[in-house]
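Data block for structure_12.cif (mmCIF, C-alpha atoms):
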data_data
#
loop_
_atom_site.group_PDB
_atom_site.id
_atom_site.type_symbol
_atom_site.label_atom_id
_atom_site.label_comp_id
_atom_site.auth_asym_id
_atom_site.auth_seq_id
_atom_site.Cartn_x
_atom_site.Cartn_y
_atom_site.Cartn_z
ATOM 1 C CA MET A 1 -27.740 0.578 38.578
ATOM 2 C CA THR A 2 -26.479 3.744 36.981
ATOM 3 C CA ASP A 3 -22.872 4.103 35.876
ATOM 4 C CA TYR A 4 -22.237 6.453 38.790
ATOM 5 C CA ASP A 5 -23.655 3.905 41.259
ATOM 6 C CA ILE A 6 -21.219 1.341 39.891
ATOM 7 C CA VAL A 7 -18.327 3.827 40.121
ATOM 8 C CA ARG A 8 -19.173 4.471 43.777
ATOM 9 C CA GLU A 9 -19.234 0.711 44.436
ATOM 10 C CA CYS A 10 -15.805 0.371 42.821
ATOM 11 C CA LEU A 11 -14.442 3.229 44.913
ATOM 12 C CA LYS A 12 -15.741 1.464 48.049
ATOM 13 C CA GLY A 13 -13.531 -1.496 47.103
ATOM 14 C CA ASN A 14 -16.055 -3.712 45.316
ATOM 15 C CA LYS A 15 -13.868 -5.098 42.529
ATOM 16 C CA GLU A 16 -16.718 -7.143 41.025
ATOM 17 C CA ALA A 17 -18.581 -3.906 40.288
ATOM 18 C CA PHE A 18 -15.875 -2.961 37.794
ATOM 19 C CA SER A 19 -16.697 -6.034 35.709
ATOM 20 C CA GLU A 20 -20.089 -4.415 35.073
ATOM 21 C CA ILE A 21 -18.341 -1.306 33.694
ATOM 22 C CA VAL A 22 -16.203 -3.518 31.456
ATOM 23 C CA SER A 23 -19.307 -5.377 30.307
ATOM 24 C CA ARG A 24 -21.145 -2.149 29.469
ATOM 25 C CA TYR A 25 -18.285 -0.422 27.682
ATOM 26 C CA LYS A 26 -16.077 -3.138 26.163
ATOM 27 C CA ASN A 27 -17.714 -2.889 22.716
ATOM 28 C CA LEU A 28 -17.522 0.903 22.675
ATOM 29 C CA VAL A 29 -13.840 0.923 23.677
ATOM 30 C CA PHE A 30 -12.951 -1.873 21.264
ATOM 31 C CA SER A 31 -14.717 -0.229 18.306
ATOM 32 C CA LYS A 32 -13.118 3.190 18.910
ATOM 33 C CA VAL A 33 -9.634 1.665 19.227
ATOM 34 C CA TYR A 34 -10.041 -0.655 16.249
ATOM 35 C CA ALA A 35 -11.304 2.200 14.047
ATOM 36 C CA SER A 36 -8.029 4.007 14.693
ATOM 37 C CA VAL A 37 -5.514 1.164 14.902
ATOM 38 C CA GLY A 38 -7.025 -1.375 12.506
ATOM 39 C CA ASN A 39 -5.204 -4.336 14.072
ATOM 40 C CA TYR A 40 -7.155 -6.876 16.137
ATOM 41 C CA GLU A 41 -4.318 -7.952 18.484
ATOM 42 C CA ASP A 42 -3.193 -4.381 19.184
ATOM 43 C CA THR A 43 -6.814 -3.409 19.788
ATOM 44 C CA LEU A 44 -7.221 -6.163 22.386
ATOM 45 C CA ASP A 45 -4.042 -5.070 24.190
ATOM 46 C CA LEU A 46 -4.952 -1.388 24.082
ATOM 47 C CA SER A 47 -8.502 -2.074 25.276
ATOM 48 C CA GLN A 48 -7.122 -3.893 28.299
ATOM 49 C CA GLU A 49 -4.725 -1.037 29.044
ATOM 50 C CA ILE A 50 -7.579 1.447 28.731
ATOM 51 C CA PHE A 51 -9.735 -0.407 31.257
ATOM 52 C CA VAL A 52 -6.801 -0.488 33.681
ATOM 53 C CA LYS A 53 -6.447 3.265 33.203
ATOM 54 C CA ILE A 54 -10.200 3.755 33.730
ATOM 55 C CA TYR A 55 -10.069 1.709 36.950
ATOM 56 C CA LYS A 56 -7.074 3.633 38.299
ATOM 57 C CA ASN A 57 -8.757 6.970 37.553
ATOM 58 C CA LEU A 58 -12.318 6.295 38.735
ATOM 59 C CA GLU A 59 -11.938 8.811 41.563
ATOM 60 C CA LYS A 60 -11.371 11.528 38.933
ATOM 61 C CA TYR A 61 -14.719 10.883 37.197
ATOM 62 C CA ASP A 62 -17.073 13.863 37.491
ATOM 63 C CA PRO A 63 -20.710 12.662 37.682
ATOM 64 C CA ASP A 64 -21.881 15.963 36.150
ATOM 65 C CA TYR A 65 -20.780 14.518 32.796
ATOM 66 C CA SER A 66 -21.713 11.353 30.961
ATOM 67 C CA PHE A 67 -19.646 8.337 31.974
ATOM 68 C CA ALA A 68 -19.605 7.188 28.335
ATOM 69 C CA THR A 69 -18.037 10.496 27.274
ATOM 70 C CA TRP A 70 -15.399 10.124 29.998
ATOM 71 C CA VAL A 71 -14.627 6.571 28.819
ATOM 72 C CA ILE A 72 -14.370 7.737 25.200
ATOM 73 C CA ARG A 73 -12.017 10.559 26.167
ATOM 74 C CA ILE A 74 -9.684 8.153 27.983
ATOM 75 C CA THR A 75 -9.928 5.706 25.083
ATOM 76 C CA LEU A 76 -9.095 8.283 22.432
ATOM 77 C CA ASN A 77 -6.273 9.863 24.424
ATOM 78 C CA HIS A 78 -4.681 6.487 25.107
ATOM 79 C CA THR A 79 -5.089 5.412 21.473
ATOM 80 C CA ILE A 80 -3.630 8.669 20.162
ATOM 81 C CA ASP A 81 -0.631 8.313 22.492
ATOM 82 C CA TYR A 82 -0.107 4.757 21.243
ATOM 83 C CA MET A 83 -0.392 5.814 17.610
ATOM 84 C CA ARG A 84 2.072 8.674 18.096
ATOM 85 C CA LYS A 85 4.541 6.425 19.858
ATOM 86 C CA ASN A 86 4.278 3.744 17.170
ATOM 87 C CA LYS A 87 3.793 6.081 14.200
ATOM 88 C CA ILE A 88 0.614 4.348 13.064
ATOM 89 C CA GLN A 89 -1.444 5.880 10.258
ATOM 90 C CA THR A 90 -4.712 7.330 11.464
ATOM 91 C CA VAL A 91 -6.874 5.871 8.692
ATOM 92 C CA PRO A 92 -6.599 2.191 7.795
ATOM 93 C CA ALA A 93 -5.296 2.038 4.219
ATOM 94 C CA ASP A 94 -7.544 -0.912 3.360
ATOM 95 C CA GLU A 95 -10.857 0.642 4.377
ATOM 96 C CA ASN A 96 -12.299 0.191 0.862
ATOM 97 C CA GLU A 97 -10.771 -3.232 0.248
ATOM 98 C CA TYR A 98 -14.147 -4.923 0.074
ATOM 99 C CA ASN A 99 -15.389 -2.483 -2.569
ATOM 100 C CA ILE A 100 -12.254 -2.989 -4.629
ATOM 101 C CA LYS A 101 -12.447 -6.794 -4.460
ATOM 102 C CA TYR A 102 -16.098 -7.007 -5.350
ATOM 103 C CA GLY A 103 -16.654 -3.817 -7.318
ATOM 104 C CA GLY A 104 -15.254 -5.187 -10.556
ATOM 105 C CA LEU A 105 -12.511 -2.571 -10.853
ATOM 106 C CA SER A 106 -9.612 -3.130 -13.201
ATOM 107 C CA PRO A 107 -6.143 -3.764 -11.716
ATOM 108 C CA GLU A 108 -5.115 -0.333 -12.969
ATOM 109 C CA GLN A 109 -8.049 1.341 -11.178
ATOM 110 C CA GLU A 110 -7.326 -0.655 -8.026
ATOM 111 C CA TYR A 111 -3.736 0.596 -8.100
ATOM 112 C CA LEU A 112 -4.830 4.207 -8.594
ATOM 113 C CA ASN A 113 -7.351 3.936 -5.735
ATOM 114 C CA LYS A 114 -4.701 2.485 -3.436
ATOM 115 C CA GLU A 115 -2.290 5.250 -4.426
ATOM 116 C CA ASP A 116 -4.963 7.885 -3.662
ATOM 117 C CA ARG A 117 -5.645 6.356 -0.227
ATOM 118 C CA GLU A 118 -1.934 6.370 0.562
ATOM 119 C CA LYS A 119 -1.679 10.059 -0.427
ATOM 120 C CA LEU A 120 -4.672 10.822 1.774
ATOM 121 C CA ASN A 121 -3.185 8.865 4.710
ATOM 122 C CA ARG A 122 0.118 10.739 4.393
ATOM 123 C CA ALA A 123 -1.672 14.091 4.204
ATOM 124 C CA ILE A 124 -3.777 13.249 7.285
ATOM 125 C CA ASP A 125 -0.675 12.206 9.215
ATOM 126 C CA GLU A 126 0.947 15.559 8.399
ATOM 127 C CA LEU A 127 -1.897 17.522 10.027
ATOM 128 C CA SER A 128 -1.323 18.802 13.538
ATOM 129 C CA ASP A 129 -3.247 16.979 16.290
ATOM 130 C CA LYS A 130 -5.502 20.022 16.625
ATOM 131 C CA TYR A 131 -6.959 19.279 13.178
ATOM 132 C CA ARG A 132 -6.235 15.584 12.682
ATOM 133 C CA ILE A 133 -7.958 14.316 15.828
ATOM 134 C CA PRO A 134 -11.416 15.858 15.196
ATOM 135 C CA LEU A 135 -11.182 14.898 11.508
ATOM 136 C CA VAL A 136 -10.421 11.251 12.340
ATOM 137 C CA MET A 137 -13.106 11.176 15.025
ATOM 138 C CA TYR A 138 -15.658 12.458 12.511
ATOM 139 C CA TYR A 139 -14.759 10.470 9.407
ATOM 140 C CA SER A 140 -13.050 7.306 10.663
ATOM 141 C CA GLN A 141 -14.931 6.806 13.884
ATOM 142 C CA GLY A 142 -18.278 8.183 12.765
ATOM 143 C CA MET A 143 -18.692 10.501 15.725
ATOM 144 C CA LYS A 144 -21.094 13.442 15.550
ATOM 145 C CA TYR A 145 -19.911 17.035 16.043
ATOM 146 C CA GLN A 146 -21.599 17.256 19.466
ATOM 147 C CA GLU A 147 -19.923 14.039 20.615
ATOM 148 C CA ILE A 148 -16.511 15.280 19.484
ATOM 149 C CA SER A 149 -17.140 18.558 21.284
ATOM 150 C CA ARG A 150 -17.864 16.735 24.551
ATOM 151 C CA VAL A 151 -14.950 14.316 24.248
ATOM 152 C CA LEU A 152 -12.369 16.972 23.358
ATOM 153 C CA ASN A 153 -13.959 19.493 25.701
ATOM 154 C CA ILE A 154 -14.026 22.247 23.076
ATOM 155 C CA PRO A 155 -16.961 24.313 21.782
ATOM 156 C CA LEU A 156 -19.053 22.893 18.949
ATOM 157 C CA SER A 157 -18.094 25.836 16.716
ATOM 158 C CA LYS A 158 -14.392 24.944 17.129
ATOM 159 C CA VAL A 159 -15.057 21.324 16.185
ATOM 160 C CA LYS A 160 -16.838 22.372 12.989
ATOM 161 C CA ASN A 161 -14.161 24.939 12.196
ATOM 162 C CA ARG A 162 -11.275 22.508 12.740
ATOM 163 C CA ILE A 163 -12.840 19.807 10.578
ATOM 164 C CA TYR A 164 -13.530 22.372 7.849
ATOM 165 C CA ARG A 165 -9.947 23.667 8.001
ATOM 166 C CA ALA A 166 -8.517 20.147 8.112
ATOM 167 C CA ARG A 167 -10.394 19.253 4.917
ATOM 168 C CA LYS A 168 -9.157 22.446 3.284
ATOM 169 C CA MET A 169 -5.545 21.702 4.332
ATOM 170 C CA LEU A 170 -5.855 18.138 3.043
ATOM 171 C CA LYS A 171 -7.042 19.366 -0.324
ATOM 172 C CA ILE A 172 -4.136 21.807 -0.588
ATOM 173 C CA ASN A 173 -1.555 19.226 0.553
ATOM 174 C CA ILE A 174 -2.825 16.550 -1.823
ATOM 175 C CA GLU A 175 -2.904 18.977 -4.774
ATOM 176 C CA LYS A 176 0.625 20.123 -3.882
ATOM 177 C CA GLY A 177 1.791 16.504 -3.884
ATOM 178 C CA GLU A 178 0.438 15.987 -7.392
ATOM 179 C CA ASP A 179 2.588 18.748 -8.879
#

Could you render the structure as structure tokens?
Amino acid sequence: MTDYDIVRECLKGNKEAFSEIVSRYKNLVFSKVYASVGNYEDTLDLSQEIFVKIYKNLEKYDPDYSFATWVIRITLNHTIDYMRKNKIQTVPADENEYNIKYGGLSPEQEYLNKEDREKLNRAIDELSDKYRIPLVMYYSQGMKYQEISRVLNIPLSKVKNRIYRARKMLKINIEKGED
């Protein structure tokens, strides 16, 4: 069955059909949320909320577009709302923890690396959503430009431009903070 076939079954009242959607997309939703939030328990809660939102909005799905893209859009929007509401940093501060633990760095170098990550996190959080969201989708969530374009429903050229500008703004903000 295609995703759209399952959506039609759900809209006819077949609640078991929705479990197939959950089965197909639970890993995708979980990984996108966890990449942004970085907390297992919060990710579980948010994933559940997202599937409730998907179920309640199935009638709004347009079969002209990929169902996966629609799911990602709902996931990212819900996660961004949660992060805004709870003022969560967009990049987990411990993303290189493994490299630090096993890379043989001195305590001084570990401290400097941590300090640099914190500066970067603060600078990313200061970006407007227009620039921060595509940047996080590209670097933290590993999405390709085309995927970001589809999810945010903006032209590919705008995605590239916003990521370029976001990097430029980050560089300026971080250099300013060092003065």

Legend entry - Spatial neighbours of segment 159-170 of chain A, 7 Å, only C-alpha atoms, chain gap at least 2 places, as a ChimeraX atom specification: /A:123-124,131-132,134-135,145,149,155-157,172-174

Inset, instruction - Determine, counting all atoms listed in the file, which protein, DNA and RNA residues have an atom within 12 Å of an atom of Glu147 of chain A; residues of the same chain fewer than 5 positions away are not included. Present the result as an NGL selection string. - result: :A and (66 or 68-70 or 72-73 or 134 or 137-138 or 141-142 or 152-156 or 159-160)

Inset, instruction - For segment 40-55 of chain A, list every protein, DNA or RNA residue within 8 Å, evaluated using only C-alpha atoms, and leave out those in the same chain fewer than 3 positions away; present the list as a list in words. - result: Phe18, Val22, Lys26, Val29, Phe30, Val33, Tyr34, Val37, Leu58, Val71, Ile74, Thr75, His78 and Thr79 of chain A

Legend entry - Pairwise distance for atom CA of Arg122 of chain A and atom CA of Lys171 of chain A, rounded to one decimal in Å: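 Calculated distance between atom CA of Arg122 of chain A and atom CA of Lys171 of chain A is 12.2 Å.
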
Inset, instruction - Figure out the distance between atom CA of Ser19 of chain A and atom CA of Gly38 of chain A, please, to one decimal in Å. - result: 25.6 Å

Legend entry - Atom pair atom CA of Ser140 of chain A / atom CA of Leu127 of chain A: separation (Å): 15.1 Å

Inset, instruction - May I have the residues within 9 Å of Tyr4 of chain A as a ChimeraX atom specification, using all atoms listed in the file and disregarding those fewer than 3 positions away in the same chain? - result: /A:1,7-9,61,63,67
